[in-house]
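K.L.:
Structure provided below as structure tokens; questions to follow.
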Amino acid sequence: MKAKKLAPIPMESILNGRSDIRKQMGVFVREDDRQWLYDQYEISDDIVDEVLKCAHISASVDVFNKTITPVVWEED
């Protein structure tokens, strides 16, 4: 397989209000990390879940000036 680069996409176009990719993303804590939080600080899963409800995915304003180049994999 080889990688084929597609046309660059401005970050602004995937982070704007209409097609904001962050709406498709989520924040989570792995089970191992949840266990560590409990073992170290006695933070229960309920508390972790409540904190996650307050979490947001953000992007720096500087990123709007950049582009990303998507890649698709093709058979040789």
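Each chain of the structure tokens is named A, B, ... in the order shown, its residues numbered from 1; ligands are numbered from 1 in display order.
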Enumerate as a list of chain:residue names all residues of chain A assigned to strand (DSSP E or B) by DSSP on the backbone, naming them with the chain letters and numbers the document uses.

P.N.:
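Selecting the strand (DSSP E or B) positions of chain A gives A:Lys2, A:Ala3, A:Lys4, A:Lys5, A:Ile9, A:Pro10, A:Thr67, A:Ile68, A:Val71, A:Val72, A:Trp73, A:Glu74.
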
K.L.:
Just write the chosen residues, N, CA, C and O atoms, as a compact mmCIF listing (two decimals), in the first residue's frame.

P.N.:
# COMPACT_ATOMS: atom_id res chain seq x y z
N LYS A 2 0.39 2.27 -0.63
CA LYS A 2 1.11 3.53 -0.61
C LYS A 2 0.15 4.66 -0.29
O LYS A 2 -1.05 4.56 -0.54
N ALA A 3 0.71 5.70 0.27
CA ALA A 3 -0.10 6.85 0.67
C ALA A 3 -0.24 7.82 -0.49
O ALA A 3 0.72 8.12 -1.18
N LYS A 4 -1.47 8.28 -0.71
CA LYS A 4 -1.72 9.29 -1.73
C LYS A 4 -2.22 10.53 -1.00
O LYS A 4 -3.20 10.49 -0.27
N LYS A 5 -1.49 11.63 -1.17
CA LYS A 5 -1.88 12.88 -0.53
C LYS A 5 -2.99 13.55 -1.32
O LYS A 5 -2.97 13.58 -2.54
N ILE A 9 -6.31 21.07 3.16
CA ILE A 9 -7.57 21.64 3.63
C ILE A 9 -7.24 22.70 4.68
O ILE A 9 -6.51 22.42 5.63
N PRO A 10 -7.75 23.91 4.53
CA PRO A 10 -7.53 24.93 5.55
C PRO A 10 -8.20 24.52 6.86
O PRO A 10 -9.34 24.06 6.87
N THR A 67 -2.92 24.56 7.40
CA THR A 67 -3.65 23.60 6.59
C THR A 67 -3.25 22.19 7.01
O THR A 67 -2.19 21.99 7.61
N ILE A 68 -4.10 21.22 6.71
CA ILE A 68 -3.75 19.82 6.90
C ILE A 68 -3.83 19.14 5.54
O ILE A 68 -4.58 19.57 4.66
N VAL A 71 -4.50 12.08 3.81
CA VAL A 71 -3.84 10.99 3.08
C VAL A 71 -4.81 9.81 3.00
O VAL A 71 -5.51 9.51 3.98
N VAL A 72 -4.86 9.19 1.84
CA VAL A 72 -5.62 7.95 1.69
C VAL A 72 -4.63 6.86 1.28
O VAL A 72 -3.63 7.12 0.62
N TRP A 73 -4.90 5.64 1.72
CA TRP A 73 -4.03 4.53 1.40
C TRP A 73 -4.58 3.81 0.17
O TRP A 73 -5.76 3.50 0.10
N GLU A 74 -3.69 3.53 -0.80
CA GLU A 74 -4.08 2.86 -2.02
C GLU A 74 -3.28 1.57 -2.18
O GLU A 74 -2.12 1.49 -1.75

K.L.:
Choose the residue, out of A:Asp45, A:Glu50, A:Asp62, A:Asp76, that has the smallest atom-to-atom separation from A:Asp32; count only C-alpha atoms.

P.N.:
A:Asp45

K.L.:
For A:Asp49, which residue out of A:Leu37, A:Val61, A:Val29, A:Ile21 is the nearest one, using only C-alpha atoms?

P.N.:
A:Val29

K.L.:
Among chain A, which ones does DSSP place in helix (DSSP H, G or I), written as number ranges by chain?

P.N.:
A: 11-15, 21-24, 31-41, 45-54, 61-65

K.L.:
Skipping near chain neighbours, those fewer than 2 positions away, what residues fall within 8 Å of A:Glu12 using only C-alpha atoms, listed as a list in words?

P.N.:
Pro10, Ile14, Leu15, Asn16, Val63, Phe64, Asn65 and Lys66 of chain A

K.L.:
Would you save the residues from that selection as an mmCIF file, in the first residue's frame, using C-alpha atoms?

P.N.:
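Saved file selection.cif follows:
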data_model
loop_
_atom_site.group_PDB
_atom_site.id
_atom_site.type_symbol
_atom_site.label_atom_id
_atom_site.label_comp_id
_atom_site.auth_asym_id
_atom_site.auth_seq_id
_atom_site.Cartn_x
_atom_site.Cartn_y
_atom_site.Cartn_z
ATOM 1 C CA PRO A 10 -7.532 24.931 5.548
ATOM 2 C CA ILE A 14 -12.987 22.174 9.527
ATOM 3 C CA LEU A 15 -13.155 24.287 12.681
ATOM 4 C CA ASN A 16 -15.793 26.798 11.605
ATOM 5 C CA VAL A 63 -4.303 26.915 14.085
ATOM 6 C CA PHE A 64 -6.873 28.634 11.843
ATOM 7 C CA ASN A 65 -4.030 29.862 9.602
ATOM 8 C CA LYS A 66 -2.674 26.341 8.993
#
